[in-house]
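Heads up, the thing below is written out as structure tokens.
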Amino acid sequence: MTGQAEIMELERRFWQAMVDMDVDAAIALLDEPAVTANAHGIHHFTPAEYKAMALSEDARVTDFEFFDEQVLFPTPDVAIASYRARQAFTAGGEHVEMLVYDRRPPAFSSGS
């Protein structure tokens, strides 16, 4: 059975793909449709929509760190990861750092 450590490793791989601008690696970790819940609300998006956003160059994640990680397993093949993250990014040529709260069901198979 997949546990919290494995789920959070998938989440770290997704965020690292954003830092590395490895859009294909990030997309490989998304379900279709993907969903995220954060301070801006709930957002559903497809891998194609993620790719367009990632390549738009409006903002780019440059660093991150997770805190208060928790993974819930409502059923054996579903995981919901929640955590606080310190993220650094550039937007409009300016460096920004903020603390964010995120919840995202990562894509995984119970056979992983």
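FYI, nothing fancy with the structure tokens labels: chains A, B, ... in order, residues from 1 per chain, ligands from 1 as they appear.
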Checklist entry - How would you write, as a ChimeraX atom specification, the set of residues in chain A that DSSP gives as helix (DSSP H, G or I)? => result /A:4-20,23-28,47-55
Include N, CA and C atoms and write out the residues we just selected as a compact mmCIF listing (two decimals), in the first residue's frame.
```txt
# COMPACT_ATOMS: atom_id res chain seq x y z
N GLN A 4 2.04 7.82 3.29
CA GLN A 4 2.23 9.27 3.27
C GLN A 4 3.56 9.66 2.63
N ALA A 5 4.64 8.96 2.96
CA ALA A 5 5.95 9.33 2.42
C ALA A 5 5.96 9.25 0.89
N GLU A 6 5.36 8.21 0.34
CA GLU A 6 5.34 8.06 -1.12
C GLU A 6 4.49 9.14 -1.79
N ILE A 7 3.36 9.45 -1.17
CA ILE A 7 2.49 10.49 -1.74
C ILE A 7 3.19 11.85 -1.70
N MET A 8 3.82 12.16 -0.59
CA MET A 8 4.50 13.46 -0.50
C MET A 8 5.72 13.51 -1.41
N GLU A 9 6.36 12.38 -1.68
CA GLU A 9 7.45 12.36 -2.65
C GLU A 9 6.92 12.69 -4.04
N LEU A 10 5.75 12.17 -4.40
CA LEU A 10 5.14 12.54 -5.68
C LEU A 10 4.87 14.05 -5.73
N GLU A 11 4.39 14.60 -4.63
CA GLU A 11 4.11 16.04 -4.58
C GLU A 11 5.40 16.84 -4.74
N ARG A 12 6.47 16.41 -4.06
CA ARG A 12 7.76 17.09 -4.20
C ARG A 12 8.27 17.01 -5.64
N ARG A 13 8.10 15.85 -6.26
CA ARG A 13 8.52 15.71 -7.67
C ARG A 13 7.75 16.68 -8.56
N PHE A 14 6.44 16.86 -8.29
CA PHE A 14 5.65 17.81 -9.08
C PHE A 14 6.19 19.23 -8.90
N TRP A 15 6.39 19.65 -7.66
CA TRP A 15 6.89 21.00 -7.40
C TRP A 15 8.30 21.17 -7.99
N GLN A 16 9.17 20.16 -7.87
CA GLN A 16 10.51 20.26 -8.43
C GLN A 16 10.45 20.38 -9.94
N ALA A 17 9.51 19.69 -10.57
CA ALA A 17 9.33 19.84 -12.02
C ALA A 17 8.95 21.27 -12.37
N MET A 18 8.15 21.93 -11.51
CA MET A 18 7.83 23.34 -11.75
C MET A 18 9.09 24.19 -11.65
N VAL A 19 9.91 23.95 -10.61
CA VAL A 19 11.15 24.71 -10.45
C VAL A 19 12.05 24.51 -11.67
N ASP A 20 12.17 23.26 -12.12
CA ASP A 20 13.05 22.92 -13.24
C ASP A 20 12.46 23.28 -14.60
N VAL A 23 8.01 20.69 -17.88
CA VAL A 23 6.56 20.62 -18.03
C VAL A 23 6.10 19.19 -18.26
N ASP A 24 6.84 18.42 -19.05
CA ASP A 24 6.43 17.04 -19.31
C ASP A 24 6.44 16.19 -18.04
N ALA A 25 7.45 16.38 -17.19
CA ALA A 25 7.50 15.64 -15.92
C ALA A 25 6.33 16.03 -15.02
N ALA A 26 6.00 17.31 -14.99
CA ALA A 26 4.86 17.76 -14.17
C ALA A 26 3.56 17.16 -14.69
N ILE A 27 3.37 17.20 -15.99
CA ILE A 27 2.14 16.67 -16.60
C ILE A 27 2.00 15.18 -16.32
N ALA A 28 3.11 14.45 -16.31
CA ALA A 28 3.06 13.01 -16.06
C ALA A 28 2.54 12.70 -14.65
N PRO A 47 -4.17 18.59 -18.24
CA PRO A 47 -2.74 18.71 -18.49
C PRO A 47 -2.41 19.76 -19.56
N ALA A 48 -3.23 19.87 -20.59
CA ALA A 48 -2.99 20.88 -21.64
C ALA A 48 -3.10 22.30 -21.07
N GLU A 49 -4.08 22.51 -20.18
CA GLU A 49 -4.22 23.83 -19.55
C GLU A 49 -3.02 24.11 -18.64
N TYR A 50 -2.56 23.09 -17.92
CA TYR A 50 -1.37 23.27 -17.09
C TYR A 50 -0.17 23.65 -17.95
N LYS A 51 0.00 22.96 -19.07
CA LYS A 51 1.14 23.23 -19.96
C LYS A 51 1.10 24.68 -20.45
N ALA A 52 -0.06 25.13 -20.88
CA ALA A 52 -0.20 26.51 -21.36
C ALA A 52 0.15 27.50 -20.25
N MET A 53 -0.32 27.23 -19.04
CA MET A 53 -0.03 28.11 -17.91
C MET A 53 1.47 28.11 -17.59
N ALA A 54 2.07 26.91 -17.56
CA ALA A 54 3.49 26.79 -17.20
C ALA A 54 4.38 27.49 -18.22
N LEU A 55 3.99 27.47 -19.47
CA LEU A 55 4.81 28.07 -20.52
C LEU A 55 4.50 29.55 -20.76
```
Checklist entry - With only C-alpha atoms as the atoms that count, which of A:Ala88, A:Phe67, A:Ala81, A:Leu99 lies nearest to Thr36 of chain A? => result A:Ala81
Checklist entry - Using only C-alpha atoms, which residue out of A:Val35, A:Met21, A:Val100, A:Ala59 lies closest to Ile80 of chain A? => result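 Between A:Val35, A:Met21, A:Val100, A:Ala59, the residue approaching Ile80 of chain A most closely is A:Val35.
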Item to check | Filtered DSSP result for segment 28-104 of chain A, state strand (DSSP E or B), as number ranges by chain | outcome: A: 34-38, 41-45, 59-75, 78-91, 94-104
Written selection (N, CA and C atoms) as a compact mmCIF listing (two decimals), in the first residue's frame:
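result-v8.txt, written as the output of this step:
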```txt
# COMPACT_ATOMS: atom_id res chain seq x y z
N ALA A 34 -7.13 17.48 -13.38
CA ALA A 34 -6.46 17.65 -12.09
C ALA A 34 -7.26 18.67 -11.29
N VAL A 35 -7.10 18.64 -9.98
CA VAL A 35 -7.80 19.59 -9.11
C VAL A 35 -6.86 20.03 -8.00
N THR A 36 -6.92 21.30 -7.67
CA THR A 36 -6.18 21.82 -6.54
C THR A 36 -7.10 22.73 -5.75
N ALA A 37 -6.91 22.74 -4.44
CA ALA A 37 -7.68 23.64 -3.58
C ALA A 37 -6.67 24.45 -2.78
N ASN A 38 -6.83 25.77 -2.82
CA ASN A 38 -5.93 26.64 -2.07
C ASN A 38 -6.68 27.91 -1.69
N GLY A 41 -9.34 29.17 -3.94
CA GLY A 41 -10.50 28.33 -4.21
C GLY A 41 -10.11 26.99 -4.83
N ILE A 42 -11.08 26.36 -5.43
CA ILE A 42 -10.87 25.06 -6.07
C ILE A 42 -10.70 25.30 -7.56
N HIS A 43 -9.67 24.69 -8.12
CA HIS A 43 -9.37 24.90 -9.54
C HIS A 43 -9.21 23.55 -10.22
N HIS A 44 -10.01 23.30 -11.27
CA HIS A 44 -9.90 22.10 -12.08
C HIS A 44 -9.18 22.48 -13.38
N PHE A 45 -8.27 21.63 -13.83
CA PHE A 45 -7.55 21.93 -15.06
C PHE A 45 -7.07 20.63 -15.71
N ALA A 59 4.66 33.76 -14.30
CA ALA A 59 5.31 33.55 -13.00
C ALA A 59 6.04 32.22 -13.06
N ARG A 60 7.11 32.11 -12.28
CA ARG A 60 7.88 30.88 -12.26
C ARG A 60 8.31 30.56 -10.83
N VAL A 61 7.98 29.35 -10.35
CA VAL A 61 8.40 28.90 -9.02
C VAL A 61 9.90 28.66 -9.08
N THR A 62 10.63 29.21 -8.10
CA THR A 62 12.09 29.05 -8.07
C THR A 62 12.57 28.22 -6.89
N ASP A 63 11.74 28.04 -5.86
CA ASP A 63 12.12 27.26 -4.70
C ASP A 63 10.87 26.95 -3.88
N PHE A 64 10.94 25.89 -3.06
CA PHE A 64 9.81 25.53 -2.20
C PHE A 64 10.27 24.68 -1.05
N GLU A 65 9.47 24.64 -0.02
CA GLU A 65 9.68 23.78 1.13
C GLU A 65 8.32 23.48 1.75
N PHE A 66 8.06 22.21 2.11
CA PHE A 66 6.78 21.82 2.68
C PHE A 66 6.85 21.76 4.21
N PHE A 67 5.69 22.03 4.86
CA PHE A 67 5.54 21.94 6.30
C PHE A 67 4.17 21.31 6.60
N ASP A 68 4.02 20.77 7.78
CA ASP A 68 2.73 20.27 8.26
C ASP A 68 2.05 19.35 7.24
N GLU A 69 2.82 18.43 6.69
CA GLU A 69 2.29 17.51 5.69
C GLU A 69 1.32 16.52 6.32
N GLN A 70 0.22 16.28 5.63
CA GLN A 70 -0.75 15.29 6.07
C GLN A 70 -1.35 14.65 4.82
N VAL A 71 -1.49 13.34 4.85
CA VAL A 71 -2.11 12.63 3.73
C VAL A 71 -3.24 11.79 4.30
N LEU A 72 -4.41 11.97 3.73
CA LEU A 72 -5.59 11.18 4.12
C LEU A 72 -5.87 10.18 3.01
N PHE A 73 -6.34 8.99 3.40
CA PHE A 73 -6.70 7.94 2.45
C PHE A 73 -8.17 7.59 2.64
N PRO A 74 -9.09 8.34 1.99
CA PRO A 74 -10.52 8.05 2.16
C PRO A 74 -10.91 6.67 1.63
N THR A 75 -10.19 6.19 0.62
CA THR A 75 -10.34 4.83 0.12
C THR A 75 -8.94 4.33 -0.20
N VAL A 78 -7.26 6.24 -3.19
CA VAL A 78 -7.37 7.70 -3.24
C VAL A 78 -6.57 8.30 -2.09
N ALA A 79 -5.76 9.31 -2.41
CA ALA A 79 -5.01 10.03 -1.38
C ALA A 79 -5.26 11.52 -1.53
N ILE A 80 -5.38 12.20 -0.41
CA ILE A 80 -5.53 13.66 -0.42
C ILE A 80 -4.38 14.21 0.41
N ALA A 81 -3.49 14.94 -0.26
CA ALA A 81 -2.33 15.52 0.42
C ALA A 81 -2.65 16.97 0.77
N SER A 82 -2.34 17.35 2.01
CA SER A 82 -2.49 18.75 2.41
C SER A 82 -1.21 19.16 3.13
N TYR A 83 -0.85 20.43 2.97
CA TYR A 83 0.40 20.91 3.55
C TYR A 83 0.48 22.43 3.42
N ARG A 84 1.41 22.99 4.20
CA ARG A 84 1.79 24.39 4.00
C ARG A 84 3.08 24.35 3.20
N ALA A 85 3.28 25.33 2.36
CA ALA A 85 4.50 25.40 1.57
C ALA A 85 5.04 26.83 1.58
N ARG A 86 6.33 26.93 1.77
CA ARG A 86 6.99 28.20 1.52
C ARG A 86 7.42 28.13 0.06
N GLN A 87 6.95 29.09 -0.72
CA GLN A 87 7.35 29.09 -2.11
C GLN A 87 7.98 30.42 -2.47
N ALA A 88 8.99 30.33 -3.31
CA ALA A 88 9.62 31.52 -3.86
C ALA A 88 9.35 31.47 -5.36
N PHE A 89 9.07 32.62 -5.93
CA PHE A 89 8.82 32.67 -7.36
C PHE A 89 9.14 34.05 -7.90
N THR A 90 9.25 34.10 -9.22
CA THR A 90 9.40 35.39 -9.88
C THR A 90 8.09 35.68 -10.60
N ALA A 91 7.68 36.92 -10.55
CA ALA A 91 6.46 37.36 -11.23
C ALA A 91 6.70 38.79 -11.71
N GLU A 94 9.93 40.37 -10.63
CA GLU A 94 10.20 40.58 -9.21
C GLU A 94 10.22 39.25 -8.47
N HIS A 95 11.09 39.16 -7.45
CA HIS A 95 11.20 37.97 -6.60
C HIS A 95 10.17 38.09 -5.47
N VAL A 96 9.40 37.03 -5.27
CA VAL A 96 8.35 37.02 -4.24
C VAL A 96 8.49 35.72 -3.44
N GLU A 97 8.28 35.81 -2.13
CA GLU A 97 8.20 34.61 -1.29
C GLU A 97 6.91 34.68 -0.50
N MET A 98 6.25 33.54 -0.34
CA MET A 98 5.01 33.51 0.44
C MET A 98 4.79 32.13 1.01
N LEU A 99 3.95 32.10 2.02
CA LEU A 99 3.52 30.85 2.63
C LEU A 99 2.15 30.54 2.04
N VAL A 100 1.99 29.33 1.50
CA VAL A 100 0.72 28.95 0.89
C VAL A 100 0.22 27.67 1.54
N TYR A 101 -1.05 27.43 1.41
CA TYR A 101 -1.70 26.21 1.88
C TYR A 101 -2.23 25.50 0.66
N ASP A 102 -1.99 24.22 0.57
CA ASP A 102 -2.40 23.51 -0.63
C ASP A 102 -3.00 22.17 -0.25
N ARG A 103 -3.92 21.73 -1.07
CA ARG A 103 -4.50 20.39 -0.93
C ARG A 103 -4.71 19.90 -2.34
N ARG A 104 -4.16 18.74 -2.64
CA ARG A 104 -4.27 18.23 -3.99
C ARG A 104 -4.25 16.71 -3.94
```
